[in-house]
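All remarks here apply to the structure that follows.
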Amino acid sequence: MASLGATVPLAAQREGWSRPFPGHRVIGNLYAVGTYDLAVFLVTSQDGHILINTGLEDSSPMIRENIESLGFRLEDVKILLTMQAHWDHTAALAEIKALTGAEMWATDGDAPVLADGGFSDPHFGGRESFKPVSVDRVLEEGDLIELGDAQLTVLESPGHTAGSSSYTMTVVEGGRTYDVVVANMGTINPGKQLVVDPTYPGVAEDFADTFRKQTALDIDVWVAAHGSQYGLHDKYEAGQAYDPLTFVDPEGFRAAVERLENVYTEQLAAERVD
Ligand SMILES: [Zn+2]
């Protein structure tokens with residue numbers, strides 16, 4: 001889950017997580033097939049597709065409908081990925097894995113949490129918060145995920161969860177090359193501790209690493225795990241015609257990373273004073 005701050009009431013946040021939103025093309029072979037605020041991405045190829053994230057437990061029919069509305073089939077999903085092993089992004093993975101026979105690939109930080117349904121999550125754990133999903137391949141930093149002509153590179157972005165990951169890709173469209181990141185942002189959930197009784201050992205260093213890597217990215221297009229994080233509803237209106245420039249926003253990405261890094265720096269200082 002993302003921390004949107006105290007200004008967004010939980011009920012409103014939840015409503016946005018389950019409200020349907022039309023599937024649409026982000027750029028090239030990257031499509032958004034999630035809900036109003038829970039981002040799910042489809043990366044297509046002639047040899048099948050990669051699905052990144054799900055929504056809540058009941059999100060499969062919405063994801064299917066969005067995929068079909070774009071002319072693709074859920075059954076052609078071959079690889080499942082996640083950006084962070086939190087239930088609002090993982091709850092339908094087990095169901096979609098069973099429906100499609102796709103393989104679940106995840107980082108070593110998130111794989112155990114996926115496999116035990118969130119039980120071992122150091123912040124929200126101690127109970128099962130989503131249906132466990134077994135992991136077929138463990139991903140590492142820099143791994144190239146290839147399916148047909150689709151290619152994604154793993155950019156581990158830990159902190160939000162120990163195994164949070166972003167994915168980078170390149171799209172060529174109309175003679176122009178676009179660098180794209182599906183970014184897991186470094187948000188700090190309420191109650192999480194960085195240095196004093198840290199939520200997990202090394203969490204502060206993990207966040208620092210993520211901010212360093214994301215700041216160093218030279219990207220044209222970015223999307224994130226929540227529509228609200230990447231300004232989906234400011235950039236795109238349902239039914240709008242496809243334009244590769246719609247989600248081009250390098251300054252917005254830099255500003256979002258910087259804002260989150262400032263929140264992190266403030267929390268570090270506050271924990272050290274208390
Ligand atoms: Zn989360």
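Simple scheme: letters A, B, ... for chains in structure tokens order, numbers from 1 for residues in each chain, numbers from 1 for ligands in the order shown.
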Can you tell me which residues come within 9 Å of ligand 1 when counting only C-alpha atoms and all ligand atoms, ideally as a PDB file with N, CA and C atoms, in the first residue's frame?
```pdb
ATOM      1  N   MET A   1       0.840  -1.182   0.000  1.00  0.00           N
ATOM      2  CA  MET A   1       0.000   0.000   0.000  1.00  0.00           C
ATOM      3  C   MET A   1       0.878   1.236   0.000  1.00  0.00           C
ATOM      4  N   ALA A   2       0.351   2.312  -0.489  1.00  0.00           N
ATOM      5  CA  ALA A   2       1.115   3.550  -0.526  1.00  0.00           C
ATOM      6  C   ALA A   2       0.643   4.442   0.601  1.00  0.00           C
ATOM      7  N   SER A   3       1.534   5.225   1.094  1.00  0.00           N
ATOM      8  CA  SER A   3       1.148   6.193   2.090  1.00  0.00           C
ATOM      9  C   SER A   3       0.793   7.486   1.370  1.00  0.00           C
ATOM     10  N   MET A  83       5.478  -5.302  -8.063  1.00  0.00           N
ATOM     11  CA  MET A  83       6.373  -4.194  -7.723  1.00  0.00           C
ATOM     12  C   MET A  83       6.667  -4.174  -6.236  1.00  0.00           C
ATOM     13  N   GLN A  84       5.736  -4.694  -5.431  1.00  0.00           N
ATOM     14  CA  GLN A  84       5.892  -4.713  -3.968  1.00  0.00           C
ATOM     15  C   GLN A  84       4.918  -5.731  -3.415  1.00  0.00           C
ATOM     16  N   ALA A  85       5.392  -6.547  -2.476  1.00  0.00           N
ATOM     17  CA  ALA A  85       4.555  -7.626  -1.942  1.00  0.00           C
ATOM     18  C   ALA A  85       3.616  -7.112  -0.843  1.00  0.00           C
ATOM     19  N   HIS A  86       2.750  -6.184  -1.207  1.00  0.00           N
ATOM     20  CA  HIS A  86       1.669  -5.729  -0.321  1.00  0.00           C
ATOM     21  C   HIS A  86       0.346  -6.124  -0.958  1.00  0.00           C
ATOM     22  N   TRP A  87      -0.616  -6.494  -0.091  1.00  0.00           N
ATOM     23  CA  TRP A  87      -1.834  -7.144  -0.546  1.00  0.00           C
ATOM     24  C   TRP A  87      -2.623  -6.347  -1.571  1.00  0.00           C
ATOM     25  N   ASP A  88      -2.525  -5.016  -1.554  1.00  0.00           N
ATOM     26  CA  ASP A  88      -3.318  -4.242  -2.520  1.00  0.00           C
ATOM     27  C   ASP A  88      -2.755  -4.373  -3.940  1.00  0.00           C
ATOM     28  N   HIS A  89      -1.591  -5.018  -4.069  1.00  0.00           N
ATOM     29  CA  HIS A  89      -0.992  -5.219  -5.401  1.00  0.00           C
ATOM     30  C   HIS A  89      -0.807  -6.697  -5.742  1.00  0.00           C
ATOM     31  N   HIS A 160      10.232   0.231   0.594  1.00  0.00           N
ATOM     32  CA  HIS A 160       8.773   0.126   0.789  1.00  0.00           C
ATOM     33  C   HIS A 160       8.428  -1.303   1.220  1.00  0.00           C
ATOM     34  N   THR A 161       8.982  -2.293   0.514  1.00  0.00           N
ATOM     35  CA  THR A 161       9.111  -3.657   1.028  1.00  0.00           C
ATOM     36  C   THR A 161      10.564  -4.049   0.761  1.00  0.00           C
ATOM     37  N   THR A 187       7.771   5.154  -0.866  1.00  0.00           N
ATOM     38  CA  THR A 187       6.861   5.683   0.163  1.00  0.00           C
ATOM     39  C   THR A 187       7.044   4.901   1.463  1.00  0.00           C
ATOM     40  N   ILE A 188       6.867   5.611   2.576  1.00  0.00           N
ATOM     41  CA  ILE A 188       7.044   5.015   3.902  1.00  0.00           C
ATOM     42  C   ILE A 188       5.670   4.875   4.550  1.00  0.00           C
ATOM     43  N   ASN A 189       5.232   3.639   4.733  1.00  0.00           N
ATOM     44  CA  ASN A 189       3.918   3.431   5.340  1.00  0.00           C
ATOM     45  C   ASN A 189       3.918   3.929   6.795  1.00  0.00           C
ATOM     46  N   ALA A 225       2.944   2.364  -8.962  1.00  0.00           N
ATOM     47  CA  ALA A 225       2.008   1.343  -8.477  1.00  0.00           C
ATOM     48  C   ALA A 225       0.616   1.879  -8.174  1.00  0.00           C
TER      49      ALA A 225
END
```
Could you build a table of the residues in range 145-233 of chain A lying no more than 7 Å from range 27-49 of chain A, giving for each the nearest pair of atoms and their separation in Å rounded to one decimal place, using only C-alpha atoms, ordered by chain and ascending residue number, as JSON lines?
```
{"residue": "A:Leu147", "atom": "CA", "partner": "A:Asp47", "partner_atom": "CA", "distance": 6.5}
{"residue": "A:Gly148", "atom": "CA", "partner": "A:Asp47", "partner_atom": "CA", "distance": 4.9}
{"residue": "A:Asp149", "atom": "CA", "partner": "A:Ser45", "partner_atom": "CA", "distance": 5.7}
{"residue": "A:Ala150", "atom": "CA", "partner": "A:Ser45", "partner_atom": "CA", "distance": 5.5}
{"residue": "A:Val171", "atom": "CA", "partner": "A:Gly28", "partner_atom": "CA", "distance": 5.8}
{"residue": "A:Glu173", "atom": "CA", "partner": "A:Gly28", "partner_atom": "CA", "distance": 6.6}
{"residue": "A:Ala224", "atom": "CA", "partner": "A:Ala39", "partner_atom": "CA", "distance": 7.0}
{"residue": "A:Ala225", "atom": "CA", "partner": "A:Ala39", "partner_atom": "CA", "distance": 5.0}
{"residue": "A:His226", "atom": "CA", "partner": "A:Leu38", "partner_atom": "CA", "distance": 4.9}
{"residue": "A:Gly227", "atom": "CA", "partner": "A:Asp37", "partner_atom": "CA", "distance": 4.6}
{"residue": "A:Ser228", "atom": "CA", "partner": "A:Asp37", "partner_atom": "CA", "distance": 6.1}
```
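Excluding Leu81 in chain A itself and same-chain residues fewer than 2 positions from it, the residues having an atom within 8 Å of it are Ile50, Leu51, Ile52, Asn53, Ile79, Met83, Met104, Trp105 and Ala106 of chain A, counting only C-alpha atoms.
Using only C-alpha atoms for every distance, the candidate list A:Gly239, A:Ala183, A:Gly175, A:Thr246 yields A:Gly239 as the residue closest to Phe21 in chain A.
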Could you give me, as a count of residues only, the residues within 12 Å of range 253-255 of chain A, counting only C-alpha atoms and dropping anything in the same chain fewer than 3 positions from it? 32
Could you tell me which of A:Phe207, A:Tyr200, A:Tyr178, A:Tyr167 comes closest to Thr82 in chain A if we count only C-alpha atoms?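 Result for the nearest residue to Thr82 in chain A: A:Tyr167.
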